[in-house]
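Taking it in order: structure first as structure tokens, then the write-up.
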Amino acid sequence: MLQVITGMYFGDVALNATEHRRTLFTNADFSAVGPVDLPVGTLTPAIDTDVVNTVLLEYTERLEAVLPDGTEDFMISTGGDEIADDLAVVLSFALNATFTPIREKADRLIKEPSDSTRRLVPADVLPRTFTPRLVLRATDVEALLAFTTSLLALNRRVYEQAMRAMRRIVTASERVAEDPTLAYTDYVAALESLSVDTEVPDTGWDRYPHEKKKILGPALAKLTGEQAEQMRSAILEAEKAGVAARYKAFMHSHIRPSFFREEAIGVVLPVTEPALPSLVAQSYTTRSKSVHELRELQRETWLHAGGAHTADVPGVGLVLTHEGLNRLARHVVRTFVQRGSTELDRDYRWRNHLPNVIQVRLAPEFYLGRPDAMTKTTAAARAGEFFGYVIEVLAGRDEQMRVDMRPVLERIELMLATHRKRAVREPMLAIYLLWHRLMEPQYHRPAPDKVLTAALTELQEPSMFAFTTGVLLGRTPPWSVDAVCDLAEQRYEDMRRRAPVELPMRVDAALWALVAQRLLDDGAPTTLVYAAIDRAVKCSPGDEDVMALERRFAAGQLDDLDLQALILGRSPLEHSGTP
């Protein structure tokens with residue numbers, strides 16, 4: 001929202017303007033600089049200073065008053081809280097200080113260094129960021145304004161990347177006392193997130209890690225000279241594709257000369273240029289060991305660091321301290337912002353990302369009866385939703401069909417005349433057939449016989465739509481055991497993919513229950529029968545009726561199976577032919 005309220009994505013329309021005021025709590029002392037005019041608001045410090053200072057943040061939230069279709073927009077304001085939160089992140093990051101709208105959080109974070117080895121406070125690890133009464137200078141404000149201006153001008157994608165990284169860095173700094181390892185990991189994760197588009201430069205075999213070359217050497221020695229060279233090239237290319245190589249390349253490419261010059265003035269044990277590659281690599285190793293092995297950061301990295309930016313840890317060597325990683329991270333993100341694209345993203349739909357607004361999936365009843373909701377790409381999804389709706393009505397959990405499907409059926413008649421693909425026709429035919437078999441004649445289409453004949457013919461072949469339609473109409477499909485097994489396996493594979501056709505869970509359970517029964521009747525090994533009923537249970541987890549079926553199969557007591565009762569949620573055992 002911080003970038004949106006600048007108006008860079010708005011058209012030439014009327015705007016709603018809402019004035020907001022928020023109080024931020026900080027360790028920064030503005031007495032030497034006074035109020036600050038930001039690109040999106042004003043900071044006015046309180047006259048009195050204390051351990052925790054207060055700053056009044058005033059800003060105007062502007063939103064378009066007119067929707068793209070020309071109608072008036074009901075959204076006048078989002079409330080303003082997210083804007084204040086974003087500004088607190090930007091201020092905390094840019095000034096290397098603490099800003100928060102929550103007083104309790106400020107009281108917890110902003111304290112004098114304790115020099116304790118047991119009860120750390122944040123200022124013990126990051127002195128500037130959390131020590132009270134941090135006096136700001138004119139140069140701090142100038143840097144803040146320059147950074148904020150550059151940040152707000154970024155291309156939307158780059159802006160979001162920068163904001164996510166800054167938010168994670170600020171959060172990491174706030175965790176340094178309570179969980180130094182997680183804080184360190186978050187710093188690296190923030191920087192790693194910015195490296196996704198980094199191209200890793202080519203490196204020669206002479207710069208490949210010696211310990212890896214020792215392992216590969218014997219295998220390469222068995223190859224011809226040409227083969228060995230091809231293998232080395234392939235290994236180097238594979239290394240370039242790794243996230244670690246991308247992270248290192250990104251970090252090295254975003255270090256400006258100022259990091260080793262004016263920014264290093266007064267720094268205790270600063271990062272040197274020769275040591276930078278190994279320090280960056282070690283930071284990534286620390287992150288990986290924390291995430292994958294739950295390895296804790298060694299205490300020497302942060303305990304009694306005395307504000308130093310590097311530390312020589314026994315058994316590890318030279319590493320970045322939290323203070324060193326903090327400075328490096330802020331420097332790299334600043335470089336990322338300075339170099340980021342400022343091309344306006346004209347396709348960005350800011351209304352889709354407003355705070356306090358969530359996107360929810362409508363109940364099918366709201367759109368099932370709309371002809372425009374039925375297309376060749378949505379037909380399968382609409383059929384799955386219609387099955388679920390019909391099941392609730394047939395089971396008595398819904399009193400009646402409240403959706404008039406006749407406009408959709410008219411569209412289906414038109415579409416069937418031009419579409420020949422089975423994947424498009426079957427779901428539409430299933431809807432058409434179910435409606436005419438379940439509804440009274442006065443709700444039928446004027447001349448449905450042609451489509452109904454096609455449905456009865458085409459839904460004979462094994463498919464999930466044919467299976468569900470037949471079972472809901474009280475008919476168990478007559479397909480062979482092989483056909484049923486093939487259908488179940490194909491459906492199971494489809495469900496393991498990202499976006500399968502959604503069907504009620506009991507439909508899949510019923511299909512596997514049918515597989516189990518057909519296998520049992522066919523004299524198949526019991527292991528196959530149990531595997532099928534096991535999948536029935538796992539396709540409808542926690543379903544007591546399906547678990548009861550599983551127990552009956554295990555006891556060999558099931559003679560008949562009421563698939564319709566199972567799908568409708570009635571106990572199939574109560575309706576089976578078993579005594």
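Just remember, in the structure tokens the first chain shown is A, the second B, etc., residues are 1-based per chain, and ligands are 1-based in the order shown.
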Using DSSP on the backbone coordinates, identify the residues of segment 302-543 of chain A assigned to helix (DSSP H, G or I); present them as a ChimeraX atom specification. /A:322-339,350-353,364-366,371-373,379-394,406-416,422-438,441-443,449-458,464-472,481-495,505-521,526-539
Residue contacts of segment 174-188 of chain A (8 Å, only C-alpha atoms) excluding same-chain residues fewer than 6 positions away, as a PDB file with all heavy atoms, in the first residue's frame:
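Just written: part33.pdb:
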ATOM      1  N   LEU A 109      12.176  -4.159  23.263  1.00  0.00           N
ATOM      2  CA  LEU A 109      13.358  -4.115  22.416  1.00  0.00           C
ATOM      3  C   LEU A 109      14.356  -3.025  22.802  1.00  0.00           C
ATOM      4  O   LEU A 109      15.577  -3.234  22.729  1.00  0.00           O
ATOM      5  CB  LEU A 109      12.941  -3.905  20.953  1.00  0.00           C
ATOM      6  CG  LEU A 109      12.136  -5.021  20.289  1.00  0.00           C
ATOM      7  CD1 LEU A 109      11.669  -4.582  18.905  1.00  0.00           C
ATOM      8  CD2 LEU A 109      12.949  -6.302  20.189  1.00  0.00           C
ATOM      9  N   LEU A 120      20.266 -11.828  27.524  1.00  0.00           N
ATOM     10  CA  LEU A 120      20.633 -10.810  26.545  1.00  0.00           C
ATOM     11  C   LEU A 120      19.468  -9.871  26.270  1.00  0.00           C
ATOM     12  O   LEU A 120      18.297 -10.255  26.340  1.00  0.00           O
ATOM     13  CB  LEU A 120      21.059 -11.468  25.238  1.00  0.00           C
ATOM     14  CG  LEU A 120      22.383 -12.226  25.180  1.00  0.00           C
ATOM     15  CD1 LEU A 120      22.578 -12.797  23.787  1.00  0.00           C
ATOM     16  CD2 LEU A 120      23.540 -11.320  25.550  1.00  0.00           C
ATOM     17  N   VAL A 121      19.802  -8.636  25.930  1.00  0.00           N
ATOM     18  CA  VAL A 121      18.837  -7.705  25.363  1.00  0.00           C
ATOM     19  C   VAL A 121      19.331  -7.406  23.948  1.00  0.00           C
ATOM     20  O   VAL A 121      20.518  -7.581  23.633  1.00  0.00           O
ATOM     21  CB  VAL A 121      18.722  -6.413  26.194  1.00  0.00           C
ATOM     22  CG1 VAL A 121      18.203  -6.717  27.586  1.00  0.00           C
ATOM     23  CG2 VAL A 121      20.054  -5.677  26.262  1.00  0.00           C
ATOM     24  N   PRO A 122      18.447  -6.965  23.056  1.00  0.00           N
ATOM     25  CA  PRO A 122      18.868  -6.749  21.665  1.00  0.00           C
ATOM     26  C   PRO A 122      20.079  -5.836  21.511  1.00  0.00           C
ATOM     27  O   PRO A 122      20.913  -6.046  20.626  1.00  0.00           O
ATOM     28  CB  PRO A 122      17.615  -6.146  21.027  1.00  0.00           C
ATOM     29  CG  PRO A 122      16.477  -6.721  21.806  1.00  0.00           C
ATOM     30  CD  PRO A 122      16.981  -6.791  23.210  1.00  0.00           C
ATOM     31  N   ASP A 124      22.646  -5.707  23.217  1.00  0.00           N
ATOM     32  CA  ASP A 124      23.903  -6.432  23.441  1.00  0.00           C
ATOM     33  C   ASP A 124      24.484  -6.948  22.126  1.00  0.00           C
ATOM     34  O   ASP A 124      25.703  -7.128  22.007  1.00  0.00           O
ATOM     35  CB  ASP A 124      23.665  -7.623  24.383  1.00  0.00           C
ATOM     36  CG  ASP A 124      23.331  -7.202  25.796  1.00  0.00           C
ATOM     37  OD1 ASP A 124      23.794  -6.126  26.214  1.00  0.00           O
ATOM     38  OD2 ASP A 124      22.605  -7.949  26.477  1.00  0.00           O
ATOM     39  N   VAL A 125      23.630  -7.218  21.170  1.00  0.00           N
ATOM     40  CA  VAL A 125      24.058  -7.804  19.895  1.00  0.00           C
ATOM     41  C   VAL A 125      24.116  -6.749  18.792  1.00  0.00           C
ATOM     42  O   VAL A 125      25.048  -6.735  17.979  1.00  0.00           O
ATOM     43  CB  VAL A 125      23.114  -8.958  19.489  1.00  0.00           C
ATOM     44  CG1 VAL A 125      23.628  -9.665  18.240  1.00  0.00           C
ATOM     45  CG2 VAL A 125      22.956  -9.965  20.630  1.00  0.00           C
ATOM     46  N   LEU A 126      23.118  -5.867  18.758  1.00  0.00           N
ATOM     47  CA  LEU A 126      23.060  -4.799  17.755  1.00  0.00           C
ATOM     48  C   LEU A 126      22.940  -3.454  18.477  1.00  0.00           C
ATOM     49  O   LEU A 126      21.828  -2.929  18.665  1.00  0.00           O
ATOM     50  CB  LEU A 126      21.873  -5.004  16.812  1.00  0.00           C
ATOM     51  CG  LEU A 126      21.841  -6.294  15.976  1.00  0.00           C
ATOM     52  CD1 LEU A 126      20.555  -6.372  15.162  1.00  0.00           C
ATOM     53  CD2 LEU A 126      23.045  -6.379  15.061  1.00  0.00           C
ATOM     54  N   ARG A 168      11.926  -8.843   6.474  1.00  0.00           N
ATOM     55  CA  ARG A 168      12.577  -9.997   7.097  1.00  0.00           C
ATOM     56  C   ARG A 168      13.841  -9.564   7.858  1.00  0.00           C
ATOM     57  O   ARG A 168      14.120 -10.104   8.934  1.00  0.00           O
ATOM     58  CB  ARG A 168      12.927 -11.025   6.028  1.00  0.00           C
ATOM     59  CG  ARG A 168      13.594 -12.294   6.545  1.00  0.00           C
ATOM     60  CD  ARG A 168      12.675 -13.073   7.476  1.00  0.00           C
ATOM     61  NE  ARG A 168      11.542 -13.624   6.796  1.00  0.00           N
ATOM     62  CZ  ARG A 168      11.507 -14.846   6.257  1.00  0.00           C
ATOM     63  NH1 ARG A 168      12.563 -15.628   6.330  1.00  0.00           N
ATOM     64  NH2 ARG A 168      10.419 -15.289   5.664  1.00  0.00           N
ATOM     65  N   SER A 283      28.231 -17.672   5.860  1.00  0.00           N
ATOM     66  CA  SER A 283      26.886 -17.269   6.295  1.00  0.00           C
ATOM     67  C   SER A 283      25.835 -18.181   5.682  1.00  0.00           C
ATOM     68  O   SER A 283      24.852 -18.548   6.350  1.00  0.00           O
ATOM     69  CB  SER A 283      26.616 -15.805   5.916  1.00  0.00           C
ATOM     70  OG  SER A 283      26.487 -15.649   4.512  1.00  0.00           O
ATOM     71  N   TYR A 284      26.019 -18.564   4.417  1.00  0.00           N
ATOM     72  CA  TYR A 284      25.054 -19.466   3.784  1.00  0.00           C
ATOM     73  C   TYR A 284      25.133 -20.858   4.391  1.00  0.00           C
ATOM     74  O   TYR A 284      24.107 -21.522   4.580  1.00  0.00           O
ATOM     75  CB  TYR A 284      25.307 -19.539   2.277  1.00  0.00           C
ATOM     76  CG  TYR A 284      24.176 -20.211   1.542  1.00  0.00           C
ATOM     77  CD1 TYR A 284      23.036 -19.504   1.185  1.00  0.00           C
ATOM     78  CD2 TYR A 284      24.225 -21.573   1.243  1.00  0.00           C
ATOM     79  CE1 TYR A 284      21.979 -20.124   0.536  1.00  0.00           C
ATOM     80  CE2 TYR A 284      23.173 -22.197   0.599  1.00  0.00           C
ATOM     81  CZ  TYR A 284      22.060 -21.470   0.248  1.00  0.00           C
ATOM     82  OH  TYR A 284      21.004 -22.088  -0.378  1.00  0.00           O
ATOM     83  N   THR A 286      25.927 -21.528   7.449  1.00  0.00           N
ATOM     84  CA  THR A 286      25.256 -21.420   8.751  1.00  0.00           C
ATOM     85  C   THR A 286      23.753 -21.510   8.587  1.00  0.00           C
ATOM     86  O   THR A 286      23.071 -22.203   9.350  1.00  0.00           O
ATOM     87  CB  THR A 286      25.628 -20.093   9.425  1.00  0.00           C
ATOM     88  OG1 THR A 286      27.041 -20.044   9.615  1.00  0.00           O
ATOM     89  CG2 THR A 286      24.929 -19.947  10.761  1.00  0.00           C
ATOM     90  N   ARG A 287      23.231 -20.803   7.578  1.00  0.00           N
ATOM     91  CA  ARG A 287      21.793 -20.847   7.313  1.00  0.00           C
ATOM     92  C   ARG A 287      21.343 -22.266   6.967  1.00  0.00           C
ATOM     93  O   ARG A 287      20.328 -22.754   7.458  1.00  0.00           O
ATOM     94  CB  ARG A 287      21.472 -19.880   6.181  1.00  0.00           C
ATOM     95  CG  ARG A 287      20.037 -20.009   5.641  1.00  0.00           C
ATOM     96  CD  ARG A 287      20.080 -20.696   4.313  1.00  0.00           C
ATOM     97  NE  ARG A 287      18.769 -20.772   3.700  1.00  0.00           N
ATOM     98  CZ  ARG A 287      18.351 -21.804   2.997  1.00  0.00           C
ATOM     99  NH1 ARG A 287      19.136 -22.864   2.841  1.00  0.00           N
ATOM    100  NH2 ARG A 287      17.168 -21.819   2.442  1.00  0.00           N
ATOM    101  N   SER A 290      21.360 -24.592   9.964  1.00  0.00           N
ATOM    102  CA  SER A 290      20.257 -24.268  10.874  1.00  0.00           C
ATOM    103  C   SER A 290      18.940 -24.834  10.365  1.00  0.00           C
ATOM    104  O   SER A 290      18.170 -25.422  11.121  1.00  0.00           O
ATOM    105  CB  SER A 290      20.144 -22.751  11.031  1.00  0.00           C
ATOM    106  OG  SER A 290      18.966 -22.390  11.711  1.00  0.00           O
ATOM    107  N   VAL A 291      18.694 -24.677   9.048  1.00  0.00           N
ATOM    108  CA  VAL A 291      17.419 -25.113   8.474  1.00  0.00           C
ATOM    109  C   VAL A 291      17.338 -26.629   8.354  1.00  0.00           C
ATOM    110  O   VAL A 291      16.323 -27.238   8.695  1.00  0.00           O
ATOM    111  CB  VAL A 291      17.218 -24.456   7.087  1.00  0.00           C
ATOM    112  CG1 VAL A 291      16.005 -25.052   6.384  1.00  0.00           C
ATOM    113  CG2 VAL A 291      17.068 -22.952   7.223  1.00  0.00           C
ATOM    114  N   GLU A 296      22.755 -25.081  16.007  1.00  0.00           N
ATOM    115  CA  GLU A 296      22.739 -23.770  16.638  1.00  0.00           C
ATOM    116  C   GLU A 296      24.004 -22.988  16.291  1.00  0.00           C
ATOM    117  O   GLU A 296      25.078 -23.562  16.099  1.00  0.00           O
ATOM    118  CB  GLU A 296      22.620 -23.897  18.158  1.00  0.00           C
ATOM    119  CG  GLU A 296      21.296 -24.467  18.646  1.00  0.00           C
ATOM    120  CD  GLU A 296      20.132 -23.523  18.411  1.00  0.00           C
ATOM    121  OE1 GLU A 296      20.352 -22.299  18.438  1.00  0.00           O
ATOM    122  OE2 GLU A 296      19.011 -24.010  18.186  1.00  0.00           O
ATOM    123  N   LEU A 297      23.860 -21.679  16.199  1.00  0.00           N
ATOM    124  CA  LEU A 297      24.994 -20.801  15.970  1.00  0.00           C
ATOM    125  C   LEU A 297      25.898 -20.829  17.196  1.00  0.00           C
ATOM    126  O   LEU A 297      25.417 -20.807  18.336  1.00  0.00           O
ATOM    127  CB  LEU A 297      24.480 -19.380  15.731  1.00  0.00           C
ATOM    128  CG  LEU A 297      25.427 -18.350  15.155  1.00  0.00           C
ATOM    129  CD1 LEU A 297      25.846 -18.745  13.746  1.00  0.00           C
ATOM    130  CD2 LEU A 297      24.738 -16.980  15.134  1.00  0.00           C
ATOM    131  N   TRP A 302      28.149 -14.298  18.675  1.00  0.00           N
ATOM    132  CA  TRP A 302      27.369 -13.152  19.128  1.00  0.00           C
ATOM    133  C   TRP A 302      27.612 -12.768  20.588  1.00  0.00           C
ATOM    134  O   TRP A 302      27.349 -11.634  20.979  1.00  0.00           O
ATOM    135  CB  TRP A 302      25.883 -13.430  18.917  1.00  0.00           C
ATOM    136  CG  TRP A 302      25.430 -14.794  19.388  1.00  0.00           C
ATOM    137  CD1 TRP A 302      25.372 -15.923  18.642  1.00  0.00           C
ATOM    138  CD2 TRP A 302      24.980 -15.162  20.693  1.00  0.00           C
ATOM    139  NE1 TRP A 302      24.908 -16.984  19.388  1.00  0.00           N
ATOM    140  CE2 TRP A 302      24.656 -16.541  20.648  1.00  0.00           C
ATOM    141  CE3 TRP A 302      24.809 -14.472  21.885  1.00  0.00           C
ATOM    142  CZ2 TRP A 302      24.188 -17.233  21.760  1.00  0.00           C
ATOM    143  CZ3 TRP A 302      24.328 -15.154  22.993  1.00  0.00           C
ATOM    144  CH2 TRP A 302      24.021 -16.520  22.927  1.00  0.00           C
ATOM    145  N   HIS A 322      26.428 -10.905  14.056  1.00  0.00           N
ATOM    146  CA  HIS A 322      25.127 -10.335  13.702  1.00  0.00           C
ATOM    147  C   HIS A 322      25.279  -8.881  13.262  1.00  0.00           C
ATOM    148  O   HIS A 322      24.603  -8.435  12.333  1.00  0.00           O
ATOM    149  CB  HIS A 322      24.164 -10.421  14.893  1.00  0.00           C
ATOM    150  CG  HIS A 322      23.671 -11.798  15.170  1.00  0.00           C
ATOM    151  ND1 HIS A 322      24.390 -12.714  15.904  1.00  0.00           N
ATOM    152  CD2 HIS A 322      22.519 -12.435  14.808  1.00  0.00           C
ATOM    153  CE1 HIS A 322      23.712 -13.839  15.987  1.00  0.00           C
ATOM    154  NE2 HIS A 322      22.574 -13.702  15.328  1.00  0.00           N
ATOM    155  N   LEU A 325      26.703  -8.946   9.743  1.00  0.00           N
ATOM    156  CA  LEU A 325      25.700  -9.387   8.778  1.00  0.00           C
ATOM    157  C   LEU A 325      24.618  -8.330   8.613  1.00  0.00           C
ATOM    158  O   LEU A 325      24.081  -8.129   7.518  1.00  0.00           O
ATOM    159  CB  LEU A 325      25.094 -10.716   9.236  1.00  0.00           C
ATOM    160  CG  LEU A 325      24.142 -11.429   8.276  1.00  0.00           C
ATOM    161  CD1 LEU A 325      24.774 -11.630   6.906  1.00  0.00           C
ATOM    162  CD2 LEU A 325      23.688 -12.761   8.858  1.00  0.00           C
ATOM    163  N   ASN A 326      24.299  -7.643   9.697  1.00  0.00           N
ATOM    164  CA  ASN A 326      23.308  -6.570   9.660  1.00  0.00           C
ATOM    165  C   ASN A 326      23.768  -5.446   8.729  1.00  0.00           C
ATOM    166  O   ASN A 326      23.015  -4.981   7.869  1.00  0.00           O
ATOM    167  CB  ASN A 326      23.085  -6.037  11.073  1.00  0.00           C
ATOM    168  CG  ASN A 326      22.027  -4.954  11.129  1.00  0.00           C
ATOM    169  OD1 ASN A 326      20.881  -5.153  10.726  1.00  0.00           O
ATOM    170  ND2 ASN A 326      22.405  -3.779  11.634  1.00  0.00           N
ATOM    171  N   ALA A 329      23.843  -6.752   5.078  1.00  0.00           N
ATOM    172  CA  ALA A 329      22.495  -6.923   4.527  1.00  0.00           C
ATOM    173  C   ALA A 329      21.899  -5.573   4.127  1.00  0.00           C
ATOM    174  O   ALA A 329      21.308  -5.434   3.050  1.00  0.00           O
ATOM    175  CB  ALA A 329      21.600  -7.617   5.542  1.00  0.00           C
TER     176      ALA A 329
END
For Ser92 of chain A: contacts at 12 Å, only C-alpha atoms, fewer than 3 positions along chain excluded, given as a PyMOL selection string: chain A and resi 24-28+85-89+95-101+128-130+140+144+148+166-174+330
Would you put the residues from that selection into a file with N, CA and C atoms, as a short mmCIF file (atom, residue, chain, number, x, y, z; two decimals), in the first residue's frame?
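To be explicit, this is the file written out as part09.cif:
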data_model
loop_
_atom_site.label_atom_id
_atom_site.label_comp_id
_atom_site.auth_asym_id
_atom_site.auth_seq_id
_atom_site.Cartn_x
_atom_site.Cartn_y
_atom_site.Cartn_z
N LEU A 24 4.34 6.21 16.36
CA LEU A 24 5.42 5.23 16.30
C LEU A 24 6.32 5.40 17.51
N PHE A 25 6.78 4.30 18.04
CA PHE A 25 7.68 4.31 19.19
C PHE A 25 9.07 3.92 18.71
N THR A 26 10.07 4.65 19.17
CA THR A 26 11.40 4.49 18.59
C THR A 26 12.50 4.78 19.60
N ASN A 27 13.69 4.32 19.27
CA ASN A 27 14.87 4.69 20.06
C ASN A 27 15.58 5.89 19.47
N ALA A 28 15.08 6.36 18.32
CA ALA A 28 15.72 7.49 17.64
C ALA A 28 15.36 8.81 18.30
N ASP A 85 2.52 0.29 9.11
CA ASP A 85 3.44 -0.83 9.33
C ASP A 85 4.57 -0.81 8.31
N ASP A 86 4.23 -0.53 7.04
CA ASP A 86 5.27 -0.47 6.00
C ASP A 86 6.24 0.67 6.26
N LEU A 87 5.72 1.81 6.67
CA LEU A 87 6.59 2.94 6.97
C LEU A 87 7.50 2.63 8.14
N ALA A 88 7.00 1.91 9.14
CA ALA A 88 7.84 1.53 10.28
C ALA A 88 8.98 0.63 9.82
N VAL A 89 8.71 -0.26 8.87
CA VAL A 89 9.75 -1.13 8.33
C VAL A 89 10.80 -0.31 7.59
N LEU A 95 17.25 3.74 8.72
CA LEU A 95 17.97 4.44 9.77
C LEU A 95 18.72 3.49 10.70
N ASN A 96 18.58 2.17 10.45
CA ASN A 96 19.20 1.17 11.33
C ASN A 96 18.82 1.46 12.78
N ALA A 97 17.54 1.63 12.98
CA ALA A 97 16.99 1.97 14.29
C ALA A 97 15.73 1.14 14.50
N THR A 98 15.00 1.44 15.55
CA THR A 98 13.78 0.70 15.86
C THR A 98 12.58 1.63 15.80
N PHE A 99 11.61 1.28 14.97
CA PHE A 99 10.33 2.00 14.88
C PHE A 99 9.22 0.96 14.89
N THR A 100 8.24 1.15 15.74
CA THR A 100 7.13 0.21 15.83
C THR A 100 5.88 0.94 16.32
N PRO A 101 4.70 0.57 15.83
CA PRO A 101 3.47 1.18 16.34
C PRO A 101 2.99 0.55 17.65
N ARG A 128 23.61 -0.11 17.90
CA ARG A 128 22.97 1.06 17.31
C ARG A 128 21.47 0.85 17.13
N THR A 129 21.08 -0.31 16.69
CA THR A 129 19.70 -0.57 16.33
C THR A 129 18.75 -0.45 17.52
N PHE A 130 19.22 -0.76 18.71
CA PHE A 130 18.31 -0.84 19.86
C PHE A 130 18.69 0.01 21.08
N ASP A 140 21.71 11.41 8.26
CA ASP A 140 20.81 10.26 8.39
C ASP A 140 19.49 10.54 7.67
N LEU A 144 17.82 8.76 4.44
CA LEU A 144 16.47 8.21 4.54
C LEU A 144 15.60 8.69 3.38
N THR A 148 14.05 6.32 0.46
CA THR A 148 12.59 6.18 0.33
C THR A 148 12.12 6.59 -1.05
N MET A 166 13.40 -6.33 3.34
CA MET A 166 13.56 -5.40 4.46
C MET A 166 12.74 -5.83 5.67
N ARG A 167 11.53 -6.30 5.41
CA ARG A 167 10.70 -6.75 6.53
C ARG A 167 11.33 -7.93 7.24
N ARG A 168 11.93 -8.84 6.47
CA ARG A 168 12.58 -10.00 7.10
C ARG A 168 13.84 -9.56 7.86
N ILE A 169 14.58 -8.60 7.33
CA ILE A 169 15.78 -8.12 8.01
C ILE A 169 15.42 -7.43 9.31
N VAL A 170 14.38 -6.61 9.28
CA VAL A 170 13.95 -5.92 10.51
C VAL A 170 13.47 -6.95 11.53
N THR A 171 12.71 -7.94 11.09
CA THR A 171 12.26 -9.00 12.00
C THR A 171 13.44 -9.77 12.56
N ALA A 172 14.44 -10.05 11.72
CA ALA A 172 15.63 -10.76 12.18
C ALA A 172 16.34 -9.97 13.27
N SER A 173 16.47 -8.67 13.07
CA SER A 173 17.15 -7.85 14.08
C SER A 173 16.41 -7.88 15.41
N GLU A 174 15.11 -7.94 15.35
CA GLU A 174 14.31 -7.95 16.59
C GLU A 174 14.41 -9.28 17.33
N ARG A 330 22.04 -4.59 4.99
CA ARG A 330 21.47 -3.28 4.68
C ARG A 330 22.18 -2.64 3.49
#
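Here the question is which of A:Arg157, A:Arg334, A:His309, A:Arg535 gets nearest to Ala143 of chain A using only C-alpha atoms, and that residue is A:Arg334.
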Residue neighbourhood segment 262-276 of chain A, 10 Å, only C-alpha atoms, exclusion window fewer than 3 positions, as a ChimeraX atom specification: /A:248,251-252,255,257-259,279-282,305-311,318-320,323-325,327-328,331
Report as a PyMOL selection string all protein, DNA and RNA residues lying within 7 Å of Arg425 of chain A, evaluated on only C-alpha atoms, omitting residues in the same chain fewer than 5 positions from it. chain A and resi 416+419-420
Just to be explicit: take each residue in the selection above, keep all heavy atoms, and write the result as a tab-separated table (two decimals), in the first residue's frame.
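Wrote it out as selection.tsv, contents follow:
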chain	number	residue	atom	x	y	z
A	416	LEU	N	-22.47	-28.78	-27.13
A	416	LEU	CA	-22.32	-30.17	-27.56
A	416	LEU	C	-22.36	-30.28	-29.09
A	416	LEU	O	-21.78	-31.22	-29.67
A	416	LEU	CB	-23.42	-31.03	-26.95
A	416	LEU	CG	-23.29	-31.31	-25.46
A	416	LEU	CD1	-24.54	-32.01	-24.94
A	416	LEU	CD2	-22.05	-32.16	-25.17
A	419	HIS	N	-18.52	-29.31	-29.97
A	419	HIS	CA	-17.37	-29.89	-29.29
A	419	HIS	C	-17.41	-31.41	-29.37
A	419	HIS	O	-18.44	-32.04	-29.09
A	419	HIS	CB	-17.34	-29.46	-27.81
A	419	HIS	CG	-16.98	-28.02	-27.63
A	419	HIS	ND1	-17.91	-27.00	-27.66
A	419	HIS	CD2	-15.77	-27.41	-27.43
A	419	HIS	CE1	-17.31	-25.84	-27.48
A	419	HIS	NE2	-16.02	-26.06	-27.34
A	420	ARG	N	-16.28	-31.98	-29.73
A	420	ARG	CA	-16.21	-33.42	-29.92
A	420	ARG	C	-15.30	-34.11	-28.90
A	420	ARG	O	-15.30	-35.34	-28.82
A	420	ARG	CB	-15.69	-33.73	-31.34
A	420	ARG	CG	-16.64	-33.27	-32.43
A	420	ARG	CD	-17.91	-34.13	-32.45
A	420	ARG	NE	-18.86	-33.69	-33.45
A	420	ARG	CZ	-19.89	-32.90	-33.16
A	420	ARG	NH1	-20.10	-32.49	-31.92
A	420	ARG	NH2	-20.74	-32.53	-34.12
Figure out the distance between atom CA of Val515 of chain A and atom CA of Asp534 of chain A, please, to one decimal in Å.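 Computing it gives 11.0 Å between the two atoms.
In terms of minimum interatomic distance to Thr342 of chain A, A:Met8 ranks closest within A:Met8, A:Leu520, A:Val501, A:Ala190, counting only C-alpha atoms.
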Between atom CA of Asp486 of chain A and atom CA of Gly556 of chain A - distance in Å to one decimal: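 These two atoms are separated by 24.1 Å.
For the pair atom CA of Val337 of chain A and atom CA of Val158 of chain A, the separation is 7.9 Å.
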Distance query Ala219 of chain A at most 12 Å, only C-alpha atoms, self and fewer than 5 positions along chain excluded, as a compact mmCIF listing (two decimals) with N, CA, C and O atoms, in the first residue's frame:
# COMPACT_ATOMS: atom_id res chain seq x y z
N LYS A 212 36.47 -30.89 -3.34
CA LYS A 212 35.61 -31.56 -4.31
C LYS A 212 36.44 -32.15 -5.45
O LYS A 212 36.14 -33.23 -5.96
N LYS A 213 37.48 -31.42 -5.86
CA LYS A 213 38.33 -31.94 -6.93
C LYS A 213 39.04 -33.21 -6.51
O LYS A 213 39.27 -34.11 -7.33
N LYS A 214 39.37 -33.34 -5.23
CA LYS A 214 40.01 -34.57 -4.74
C LYS A 214 39.09 -35.77 -4.89
O LYS A 214 39.54 -36.88 -5.20
N THR A 224 38.98 -40.02 -21.18
CA THR A 224 39.90 -39.41 -22.14
C THR A 224 39.99 -37.92 -21.86
O THR A 224 39.16 -37.35 -21.14
N GLN A 227 36.74 -36.20 -22.87
CA GLN A 227 35.64 -36.55 -21.98
C GLN A 227 35.79 -35.86 -20.62
O GLN A 227 34.82 -35.37 -20.04
N ALA A 228 37.02 -35.83 -20.10
CA ALA A 228 37.27 -35.19 -18.81
C ALA A 228 36.94 -33.71 -18.87
O ALA A 228 36.35 -33.14 -17.94
N MET A 231 33.25 -33.28 -18.85
CA MET A 231 32.72 -33.54 -17.51
C MET A 231 32.97 -32.34 -16.59
O MET A 231 32.11 -31.94 -15.81
N ARG A 232 34.17 -31.75 -16.68
CA ARG A 232 34.48 -30.58 -15.86
C ARG A 232 33.52 -29.42 -16.20
O ARG A 232 33.02 -28.73 -15.30
